[in-house]
There are 2 protein chains.
Amino acid sequence: MYRTNTCGELRISNVGQKVTLAGWVQRIRKMGGMTFVDLRDRYGLTQLVFDENHDAALTEQANKLGREYVIQVTGTVNERSSKNNKIETGDIEIIVEAMTVLNASQTPPFTIEDNTDGGDDIRMKYRYLDLRRGAVRRNLELRHKMAFEVRRYLDERGFLEVETPVLIGSTPEGARDFVVPSRMNPGQFYALPQSPQLFKQILMVSGFDRYFQIVKCFRDEDLRADRQPEFTQIDCEMSFVEQEDVISLFEDMSKHLFKSILNIDMPEAFPRMTWHDAMKYYGSDKPDLRFDMRFVELMDVLQGHGFSVFDSAAYIGGICAKGAATYTRKQLDALTEYVKRPQIGAKGMVYARVEADGNVKSSVDKFYTQEILQQMKAAMNAEPGDLILILSGDDVMKTRKQLCELRLEVAEQLGLRDKNKFACLWVVDFPMFEWSDEEQRLMAMHHPFTSPKPEDVELLSTNPAAVRANAYDMVINGVEVGGGSIRIHDNELQKKAFEILGFSEERAQSQFGYLLSAFKYGAPPHGGLAYGLDRFVSLFAGLDSIRDCIAFPKNNSGRDVMIDAPAPLEQAQLDELNILVDLKEK
Amino acid sequence: MYRTNTCGELRISNVGQKVTLAGWVQRIRKMGGMTFVDLRDRYGLTQLVFDENHDAALTEQANKLGREYVIQVTGTVNERSSKNNKIETGDIEIIVEAMTVLNASQTPPFTIEDNTDGGDDIRMKYRYLDLRRGAVRRNLELRHKMAFEVRRYLDERGFLEVETPVLIGSTPEGARDFVVPSRMNPGQFYALPQSPQLFKQILMVSGFDRYFQIVKCFRDEDLRADRQPEFTQIDCEMSFVEQEDVISLFEDMSKHLFKSILNIDMPEAFPRMTWHDAMKYYGSDKPDLRFDMRFVELMDVLQGHGFSVFDSAAYIGGICAKGAATYTRKQLDALTEYVKRPQIGAKGMVYARVEADGNVKSSVDKFYTQEILQQMKAAMNAEPGDLILILSGDDVMKTRKQLCELRLEVAEQLGLRDKNKFACLWVVDFPMFEWSDEEQRLMAMHHPFTSPKPEDVELLSTNPAAVRANAYDMVINGVEVGGGSIRIHDNELQKKAFEILGFSEERAQSQFGYLLSAFKYGAPPHGGLAYGLDRFVSLFAGLDSIRDCIAFPKNNSGRDVMIDAPAPLEQAQLDELNILVDLKEK
């Protein structure tokens with residue numbers, strides 16, 4: 001071992017001890033005949049002292065050190081005269097008696113500090129240096145801790161972690177698969193799993209009863225800030241359970257994580273909201289409940305008074321921003337521009353301030369009497385000093401989604417999206433199907449094995465679009481961190497579901513054949529859910545992107561810029577795999 | 001929840017309780033007016049009782065159940081009159097009052113018993129049924145437990161589990177990579193990692209200090225019983241350590257696993273053997289030390305007496321099989337045939353029995369006096385009743401390997417390879433390089449970053465083939481379960497190693513560029529090792545093949561016969577990926 005102690009370990013009680021430390025040079029300062037070096041490792045920083053008057057040669061050697069040099073020093077722990085209460089070792093320093101330079105370092109292209117001067121691109125190229133920064137390392141430490149606590153929690157409750165294969169078959173349905181040519185089976189391909197969904201259901205048929213896996217999944221999609229081609233799921237499944245059993249166990253697991261990792265006590269029971277209410281009151285199936293600003297429908301109040309925009313609308317809805325009547329005209333114009341951006345697509349925005357005397361001043365005053373405006377104020381539950389923002393449109397769902405974006409933006413501006421506050425929620429009663437304009441048919445909202453609510457089974461024949469599923473999402477701060485469902489275990493019900501989805505028997509067989517075969521040999525009732533570990537960790541760490549909690553993430557083109565992958569292959573490799581590259585003209 | 005208790009839970013103390021159980025029908029027996037059903041779940045078996053005299057309709061329903069039906073029953077726990085001490089619930093039975101058939105089952109194609117009547121192929125095709133067998137399930141439970149204990153052990157010692165990417169770049173060196181075409185980067189490919197070697201070294205450069213990961217790795221090789229295209233490694237790396245630090249920590253971890261999983265106390269320190277001694281005394285770098293039968297070199301004793309086979313040999317070596325003088329001529333002929341098989345390739349075998357009176361009777365008596373044979377007996381440390389087996393050849397290493405095969409076969413026949421006995425061993429001081437006839441150059445025995453022993457560094461310039469590495473393997477019962485090395489962290493030493501390996505600077509750069517770049521910014525001394533989880537579990541479970549501890553293994557053609565993968569892709573998928581299938585005539 002190159003050290004007796006780590007750089008985060010020594011305290012006042014160690015004074016007088018002879019120790020050996022090893023680590024990286026964080027900083028060097030010269031003061032008079034003294035040289036101070038901050039030595040860093042994963043565990044902390046320790047101040048080293050070299051004194052010219054005691055050992056000129058050694059101090060000279062220390063003066064030649066550069067940032068990020070790796071050194072080993074032996075010396076005596078000494079009480080500092082001026083203590084540093086910002087670091088845990090701040091009471092002591094090491095009077096160095098011997099030093100070995102274990103490795104020199106070139107000057108790093110950016111500073112190894114929490115607030116670095118390095119931009120995103122250079123940090124990713126030199127990710128090995130970026131990972132030295134405490135800010136990044138702490139995210140990965142948190143990730144380790146969360147994954148470990150999940151395992152401990154589930155192990156204690158009888159869940160078995162079973163590894164499912166990475167080299168599986170491709171299913172053309174859904175998102176794109178990554179594929180892998182098989183050398184031993186020429187012309188054939190494996191696919192990388194988008195999730196272990198079918199395998200975990202197989203494990204339930206096999207009687208494993210309680211399964212989990214923290215597992216890499218793969219999706220060949222165009223990337224965004226919160227998407228990576230490979231991502232990690234906490235994947236779970238249980239047998240002989242109903243929706244309530246799954247929800248209650250995983251709610252408890254989440255509370256355990258909040259308590260054990262962040263020391264936060266969550267409320268006894270997470271609130272629950274139907275998908276229908278979530279859309280109605282927040283315009284989203286993953287509402288951010290750290291703040292209120294619930295939608296209020298204003299059709300009754302505002303229609304029929306001659307304002308043609310509202311009079312012709314299929315939906316008029318408002319939100320009340322508490323205390324935001326101070327918004328200037330400029331700020332309001334900016335908000336209007338915000339909702340009119342093509343990504344959101346609103347036609348315009350109406351606003352109304354509640355003044356100190358209770359009067360309402362709106363941008364559409366000429367159409368509305370103060371009496372009507374007072375009715376609106378009452379409907380919105382608005383008080384003096386509040387700002388009411390209203391959107392309308394001819395497509396109810398679209399307008400709600402626009403109002404959702406407005407709500408989030410205003411909350412952001414008002415500082416209501418506090419990263420240290422956590423609002424958890426179960427969204428339940430998802431529709432079983434959603435209409436696809438593209439495919440001109442009903443599609444499964446979760447996946448084709450999702451079970452309908454028992455009380456809605458009859459609707460399958462009469463009004464399938466109205467059937468609610470035993471499906472549930474766990475939402476935290478407006479992020480869907482997990483979701484799942486109770487699965488269909490009855491063959492007749494499954495056939496019905498395939499029929500509604502327009503799957504012929506052959507198509508169902510070719511895509512899910514082995515699961516359907518397995519179901520013939522005694523499938524238990526089962527259900528489960530999956531969490532996105534990357535998202536879960538990001539939330540706990542207060543990050544804006546999942547990238548920051550992944551050791552070696554890929555950029556928006558799916559490239560790892562540090563290792564420069566993907567890359568062309570050698571011809572011999574392609575030959576062995578029986579494939580040719582066929583670049584099309586673009 | 002469909003049950004109040006599991007099928008493995010109820011005891012005599014539960015008598016009188018009303019319970020609900022759910023599970024699979026294992027067996028049905030009718031006796032008089034009674035029907036007995038064994039209900040099975042992951043946790044055990046519970047006997048259900050239906051009595052015609054109490055409820056004829058219900059008993060009628062029970063009589064119609066088939067094997068593997070999934071049912072839910074409610075009833076009262078009753079003390080059995082004839083107890084079954086083979087199962088933990090054998091003191092009780094359930095007097096059933098109500099039953100629901102949750103799912104019917106077709107008759108399974110083989111029996112769901114520890115000793116099934118199903119052959120390998122059918123069991124793999126219906127793996128979901130095979131996994132219901134206790135014998136298979138227990139292996140996966142063991143796997144879960146071992147992986148969890150490894151994580152707990154390493155977590156407690158400050159190791160961080162860091163996920164390294166699955167989509168990386170291909171390195172043409174070494175075994176074949178599986179590759180993945182990138183849609184977003186046309187004509188370019190990712191590769192699946194054969195191990196996270198370079199990434200874990202990067203993490204050490206990043207200051208992570210102690211890393212581990214239980215991780216899938218991939219190798220596109222032709223398969224054998226103990227090889228799978230995807231396999232799982234326990235991958236570990238530490239900074240600021242020397243060989244002794246790594247060995248002592250992981251020896252302790254192994255002892256912890258033996259104790260916590262199998263309740264076996266291993267000896268204080270595992271024996272260690274140099275690679276040189278392992279080859280000399282056991283003809284293998286992974287000797288099975290559950291039994292002795294060390295090689296004894298007999299050149300001095302047996303050469304020069306007119307037996308031309310021995311006189312012209314470069315190596316003569318023998319093993320002493322205790323108490324095996326009873327071997328018949330037929331058994332000895334079979335052994336001779338065994339070593340003459342082309343896979344082993346010996347020319348013949350000489351044997352000698354030590355008779356009750358101490359005389360030695362050998363198959364080459366006409367060449368040797370009893371005096372010489374007695375010298376041989378003494379050299380072999382043989383006693384009356386022992387059998388001496390001797391091989392010779394003109395290639396020392398080849399002959400030793402043949403003798404190794406003979407030693408293992410004889411031990412197998414003598415019942416010395418007891419699966420409940422565990423002999424652990426560190427093999428150390430591996431040669432740094434080995435000569436490749438194919439490549440006509442020295443190759444790295446571990447990998448090109450393996451560090452030489454400090455005392456052998458000078459030999460790099462004068463006699464590189466003699467340089468020993470700081471490399472070590474953990475061997476249990478003749479299986480290499482883990483191996484690793486201290487890595488080179490010094491740039492000059494690394495250059496020297498590349499030079500000896502015949503790597504040009506460009507080649508080194510193109511293959512390991514990012515690691516070499518990282519090393520310029522302050523690499524700490526580091527080292528580690530990796531265990532094969534599949535092998536480790538197989539050993540603990542006493543299995544002959546790693547396949548039996550993998551939930552969904554592939555066959556020797558790399559196929560998953562349950563899901564029927566790999567398979568051809570649709571043309572549209574290939575088009576999007578810019579590749580063509582190009583099947584060659586064979």
# chains A, B, ... in the order shown; residues from 1 in each chain; ligands from 1
>>> residues_around(residues="Asp473 of chain B", least_positions_apart="5", cutoff="9 Å", atoms="only C-alpha atoms", output="PDB file with all heavy atoms, in the first residue's frame")
ATOM      1  N   ASP B 285      -1.622 -24.127 -15.207  1.00  0.00           N
ATOM      2  CA  ASP B 285      -1.582 -22.884 -14.432  1.00  0.00           C
ATOM      3  C   ASP B 285      -2.816 -22.769 -13.526  1.00  0.00           C
ATOM      4  O   ASP B 285      -3.030 -21.752 -12.901  1.00  0.00           O
ATOM      5  CB  ASP B 285      -1.445 -21.667 -15.349  1.00  0.00           C
ATOM      6  CG  ASP B 285      -2.545 -21.575 -16.374  1.00  0.00           C
ATOM      7  OD1 ASP B 285      -3.462 -22.419 -16.345  1.00  0.00           O
ATOM      8  OD2 ASP B 285      -2.501 -20.663 -17.224  1.00  0.00           O
ATOM      9  N   LYS B 286      -3.612 -23.830 -13.484  1.00  0.00           N
ATOM     10  CA  LYS B 286      -4.751 -23.842 -12.562  1.00  0.00           C
ATOM     11  C   LYS B 286      -4.903 -25.220 -11.946  1.00  0.00           C
ATOM     12  O   LYS B 286      -5.898 -25.923 -12.192  1.00  0.00           O
ATOM     13  CB  LYS B 286      -6.039 -23.383 -13.232  1.00  0.00           C
ATOM     14  CG  LYS B 286      -6.238 -23.841 -14.666  1.00  0.00           C
ATOM     15  CD  LYS B 286      -7.553 -23.295 -15.182  1.00  0.00           C
ATOM     16  CE  LYS B 286      -7.931 -23.940 -16.484  1.00  0.00           C
ATOM     17  NZ  LYS B 286      -7.131 -23.418 -17.600  1.00  0.00           N
ATOM     18  N   LEU B 425      -6.346 -21.469  -4.179  1.00  0.00           N
ATOM     19  CA  LEU B 425      -4.919 -21.302  -4.462  1.00  0.00           C
ATOM     20  C   LEU B 425      -4.711 -20.003  -5.233  1.00  0.00           C
ATOM     21  O   LEU B 425      -5.516 -19.663  -6.092  1.00  0.00           O
ATOM     22  CB  LEU B 425      -4.470 -22.488  -5.343  1.00  0.00           C
ATOM     23  CG  LEU B 425      -3.111 -22.408  -6.022  1.00  0.00           C
ATOM     24  CD1 LEU B 425      -2.013 -22.641  -4.985  1.00  0.00           C
ATOM     25  CD2 LEU B 425      -3.014 -23.463  -7.130  1.00  0.00           C
ATOM     26  N   TRP B 426      -3.638 -19.290  -4.899  1.00  0.00           N
ATOM     27  CA  TRP B 426      -3.203 -18.186  -5.760  1.00  0.00           C
ATOM     28  C   TRP B 426      -2.054 -18.673  -6.614  1.00  0.00           C
ATOM     29  O   TRP B 426      -1.062 -19.192  -6.081  1.00  0.00           O
ATOM     30  CB  TRP B 426      -2.721 -16.994  -4.935  1.00  0.00           C
ATOM     31  CG  TRP B 426      -3.794 -16.227  -4.240  1.00  0.00           C
ATOM     32  CD1 TRP B 426      -4.108 -16.296  -2.917  1.00  0.00           C
ATOM     33  CD2 TRP B 426      -4.670 -15.253  -4.812  1.00  0.00           C
ATOM     34  NE1 TRP B 426      -5.137 -15.438  -2.625  1.00  0.00           N
ATOM     35  CE2 TRP B 426      -5.499 -14.777  -3.776  1.00  0.00           C
ATOM     36  CE3 TRP B 426      -4.838 -14.741  -6.104  1.00  0.00           C
ATOM     37  CZ2 TRP B 426      -6.485 -13.814  -3.983  1.00  0.00           C
ATOM     38  CZ3 TRP B 426      -5.821 -13.780  -6.312  1.00  0.00           C
ATOM     39  CH2 TRP B 426      -6.626 -13.326  -5.264  1.00  0.00           C
ATOM     40  N   VAL B 427      -2.167 -18.536  -7.903  1.00  0.00           N
ATOM     41  CA  VAL B 427      -1.014 -18.758  -8.768  1.00  0.00           C
ATOM     42  C   VAL B 427      -0.423 -17.383  -9.058  1.00  0.00           C
ATOM     43  O   VAL B 427      -1.151 -16.462  -9.461  1.00  0.00           O
ATOM     44  CB  VAL B 427      -1.414 -19.491 -10.065  1.00  0.00           C
ATOM     45  CG1 VAL B 427      -0.221 -19.627 -10.998  1.00  0.00           C
ATOM     46  CG2 VAL B 427      -1.983 -20.859  -9.731  1.00  0.00           C
ATOM     47  N   VAL B 428       0.869 -17.224  -8.781  1.00  0.00           N
ATOM     48  CA  VAL B 428       1.508 -15.902  -8.902  1.00  0.00           C
ATOM     49  C   VAL B 428       2.729 -15.988  -9.811  1.00  0.00           C
ATOM     50  O   VAL B 428       3.095 -17.063 -10.287  1.00  0.00           O
ATOM     51  CB  VAL B 428       1.919 -15.367  -7.508  1.00  0.00           C
ATOM     52  CG1 VAL B 428       0.688 -15.131  -6.636  1.00  0.00           C
ATOM     53  CG2 VAL B 428       2.878 -16.338  -6.820  1.00  0.00           C
ATOM     54  N   PHE B 430       3.337 -15.016 -12.849  1.00  0.00           N
ATOM     55  CA  PHE B 430       3.174 -15.411 -14.245  1.00  0.00           C
ATOM     56  C   PHE B 430       4.273 -14.782 -15.097  1.00  0.00           C
ATOM     57  O   PHE B 430       4.724 -13.685 -14.792  1.00  0.00           O
ATOM     58  CB  PHE B 430       1.813 -14.920 -14.783  1.00  0.00           C
ATOM     59  CG  PHE B 430       0.677 -15.812 -14.436  1.00  0.00           C
ATOM     60  CD1 PHE B 430       0.101 -15.756 -13.177  1.00  0.00           C
ATOM     61  CD2 PHE B 430       0.172 -16.712 -15.362  1.00  0.00           C
ATOM     62  CE1 PHE B 430      -0.957 -16.588 -12.841  1.00  0.00           C
ATOM     63  CE2 PHE B 430      -0.891 -17.544 -15.032  1.00  0.00           C
ATOM     64  CZ  PHE B 430      -1.448 -17.480 -13.774  1.00  0.00           C
ATOM     65  N   GLU B 480      -9.964 -21.532 -12.901  1.00  0.00           N
ATOM     66  CA  GLU B 480      -9.502 -20.167 -12.711  1.00  0.00           C
ATOM     67  C   GLU B 480     -10.744 -19.303 -12.505  1.00  0.00           C
ATOM     68  O   GLU B 480     -11.439 -18.987 -13.442  1.00  0.00           O
ATOM     69  CB  GLU B 480      -8.728 -19.707 -13.953  1.00  0.00           C
ATOM     70  CG  GLU B 480      -8.236 -18.284 -13.877  1.00  0.00           C
ATOM     71  CD  GLU B 480      -8.100 -17.649 -15.255  1.00  0.00           C
ATOM     72  OE1 GLU B 480      -7.749 -18.353 -16.215  1.00  0.00           O
ATOM     73  OE2 GLU B 480      -8.394 -16.443 -15.361  1.00  0.00           O
ATOM     74  N   VAL B 481     -11.015 -18.928 -11.250  1.00  0.00           N
ATOM     75  CA  VAL B 481     -12.225 -18.127 -11.013  1.00  0.00           C
ATOM     76  C   VAL B 481     -11.959 -16.645 -11.135  1.00  0.00           C
ATOM     77  O   VAL B 481     -12.878 -15.863 -11.350  1.00  0.00           O
ATOM     78  CB  VAL B 481     -12.865 -18.401  -9.631  1.00  0.00           C
ATOM     79  CG1 VAL B 481     -13.527 -19.761  -9.599  1.00  0.00           C
ATOM     80  CG2 VAL B 481     -11.877 -18.245  -8.513  1.00  0.00           C
ATOM     81  N   GLY B 482     -10.686 -16.255 -10.967  1.00  0.00           N
ATOM     82  CA  GLY B 482     -10.388 -14.838 -11.057  1.00  0.00           C
ATOM     83  C   GLY B 482      -8.943 -14.636 -11.421  1.00  0.00           C
ATOM     84  O   GLY B 482      -8.124 -15.545 -11.287  1.00  0.00           O
ATOM     85  N   GLY B 483      -8.654 -13.422 -11.890  1.00  0.00           N
ATOM     86  CA  GLY B 483      -7.271 -13.133 -12.208  1.00  0.00           C
ATOM     87  C   GLY B 483      -7.094 -11.658 -12.409  1.00  0.00           C
ATOM     88  O   GLY B 483      -8.057 -10.948 -12.711  1.00  0.00           O
ATOM     89  N   GLY B 484      -5.878 -11.196 -12.218  1.00  0.00           N
ATOM     90  CA  GLY B 484      -5.636  -9.778 -12.408  1.00  0.00           C
ATOM     91  C   GLY B 484      -4.174  -9.465 -12.348  1.00  0.00           C
ATOM     92  O   GLY B 484      -3.332 -10.365 -12.384  1.00  0.00           O
ATOM     93  N   SER B 485      -3.881  -8.187 -12.249  1.00  0.00           N
ATOM     94  CA  SER B 485      -2.488  -7.767 -12.222  1.00  0.00           C
ATOM     95  C   SER B 485      -2.367  -6.347 -11.691  1.00  0.00           C
ATOM     96  O   SER B 485      -3.354  -5.624 -11.610  1.00  0.00           O
ATOM     97  CB  SER B 485      -1.884  -7.829 -13.632  1.00  0.00           C
ATOM     98  OG  SER B 485      -2.497  -6.874 -14.481  1.00  0.00           O
ATOM     99  N   LEU B 529      -8.425  -6.959 -10.291  1.00  0.00           N
ATOM    100  CA  LEU B 529      -8.683  -8.300 -10.810  1.00  0.00           C
ATOM    101  C   LEU B 529     -10.147  -8.427 -11.209  1.00  0.00           C
ATOM    102  O   LEU B 529     -10.951  -7.525 -10.950  1.00  0.00           O
ATOM    103  CB  LEU B 529      -8.273  -9.383  -9.810  1.00  0.00           C
ATOM    104  CG  LEU B 529      -9.234  -9.862  -8.735  1.00  0.00           C
ATOM    105  CD1 LEU B 529      -8.577 -10.932  -7.897  1.00  0.00           C
ATOM    106  CD2 LEU B 529      -9.680  -8.711  -7.871  1.00  0.00           C
TER     107      LEU B 529
END
>>> select_by_dssp(residues="segment 309-365 of chain A", states="helix (DSSP H, G or I)", output="list of chain:residue names")
A:Val309, A:Phe310, A:Asp311, A:Ala324, A:Ala325, A:Thr326, A:Arg329, A:Lys330, A:Gln331, A:Leu332, A:Asp333, A:Ala334, A:Leu335, A:Thr336, A:Glu337, A:Tyr338, A:Val339, A:Lys340, A:Asp365
>>> residues_around(residues="segment 184-198 of chain B", least_positions_apart="6", cutoff="7 Å", atoms="only C-alpha atoms", output="ChimeraX atom specification")
/A:557,565-569,581,583 /B:164,166-170,177-178,217-219,515,577-578
>>> write_last_selection(atoms="C-alpha atoms", output="short mmCIF file (atom, residue, chain, number, x, y, z; two decimals), in the first residue's frame")
data_model
loop_
_atom_site.label_atom_id
_atom_site.label_comp_id
_atom_site.auth_asym_id
_atom_site.auth_seq_id
_atom_site.Cartn_x
_atom_site.Cartn_y
_atom_site.Cartn_z
CA SER A 557 -25.09 11.99 -32.02
CA ALA A 565 -16.75 5.49 -30.86
CA PRO A 566 -18.50 4.36 -32.98
CA ALA A 567 -15.90 3.99 -35.76
CA PRO A 568 -15.48 2.18 -39.07
CA LEU A 569 -14.53 -1.50 -38.89
CA VAL A 581 -21.55 -1.32 -45.46
CA LEU A 583 -23.79 4.10 -47.59
CA THR B 164 -19.14 1.49 -17.78
CA VAL B 166 -21.83 -1.35 -23.26
CA LEU B 167 -21.62 0.47 -26.59
CA ILE B 168 -17.90 1.10 -27.00
CA GLY B 169 -15.29 0.90 -29.79
CA SER B 170 -13.85 -2.23 -31.35
CA ASP B 177 -15.85 -8.39 -30.74
CA PHE B 178 -19.58 -8.37 -31.22
CA CYS B 217 -19.09 -8.92 -21.03
CA PHE B 218 -19.17 -10.27 -24.56
CA ARG B 219 -16.86 -12.42 -26.63
CA LEU B 515 -5.95 5.46 -22.04
CA LEU B 577 -28.53 0.88 -40.63
CA ASN B 578 -26.78 1.23 -43.97
#
>>> closest_residue(among="A:Arg29, A:Arg294, A:Lys64, A:Lys554", to="Leu48 of chain A", atoms="only C-alpha atoms")
A:Arg29
>>> select_by_dssp(residues="segment 418-520 of chain B", states="strand (DSSP E)", output="PyMOL selection string")
chain B and resi 424-428+433-436+441-444+471-476+479-486
>>> residues_around(residues="segment 300-303 of chain B", least_positions_apart="2", cutoff="10 Å", atoms="only C-alpha atoms", output="PyMOL selection string")
chain B and resi 297-298+305-313+315-317+367-368+372-376+379
>>> closest_residue(among="B:Gly323, B:Asp534, B:Asp394, B:Phe498", to="Pro553 of chain B", atoms="only C-alpha atoms")
B:Asp534
>>> closest_residue(among="B:Trp275, B:Phe212, B:Phe540, B:Tyr327", to="Asn263 of chain B", atoms="only C-alpha atoms")
B:Phe540
>>> residues_around(residues="Gln72 of chain A", least_positions_apart="5", cutoff="8 Å", atoms="only C-alpha atoms", output="compact mmCIF listing (two decimals) with C-alpha atoms, in the first residue's frame")
# COMPACT_ATOMS: atom_id res chain seq x y z
CA TYR A 2 1.33 3.41 -0.95
CA ARG A 3 -0.33 5.16 2.00
CA THR A 20 2.16 8.40 4.46
CA LEU A 21 -0.33 9.90 2.01
CA ALA A 22 -0.68 9.61 -1.75
CA GLY A 23 -2.77 11.65 -4.14
CA MET A 99 8.34 12.85 -1.06
CA THR A 100 8.21 10.63 -4.16
CA VAL A 101 6.75 11.84 -7.41
CA LEU A 102 4.75 8.82 -8.59
>>> closest_residue(among="B:His54, B:Lys255, B:Arg138, B:Arg290", to="chain A", atoms="only C-alpha atoms")
B:Arg138
>>> residues_around(residues="Ser284 of chain B", least_positions_apart="6", cutoff="8 Å", atoms="only C-alpha atoms", output="list in words")
Ala278, Arg400, Lys401 and Cys404 of chain B
>>> atom_distance(atom1="atom CA of Ile234 of chain A", atom2="atom CA of Ile214 of chain A")
4.5 Å
>>> atom_distance(atom1="atom CA of Arg183 of chain A", atom2="atom CA of Thr171 of chain B")
16.8 Å
>>> residues_around(residues="segment 114-126 of chain B", least_positions_apart="2", cutoff="12 Å", atoms="only C-alpha atoms", output="PyMOL selection string")
(chain A and resi 202+205-206+514-515+517-521) or (chain B and resi 108-112+128-139+547-548+550-556+559-565)
>>> closest_residue(among="B:Glu492, B:Asp365, B:Glu88, B:Asp51", to="chain A", atoms="only C-alpha atoms")
B:Glu492
>>> closest_residue(among="B:Arg210, B:Arg535, B:Lys496, B:Arg417", to="Phe240 of chain B", atoms="only C-alpha atoms")
B:Arg210
>>> atom_distance(atom1="atom CA of Gly66 of chain A", atom2="atom CA of Leu140 of chain A")
27.2 Å
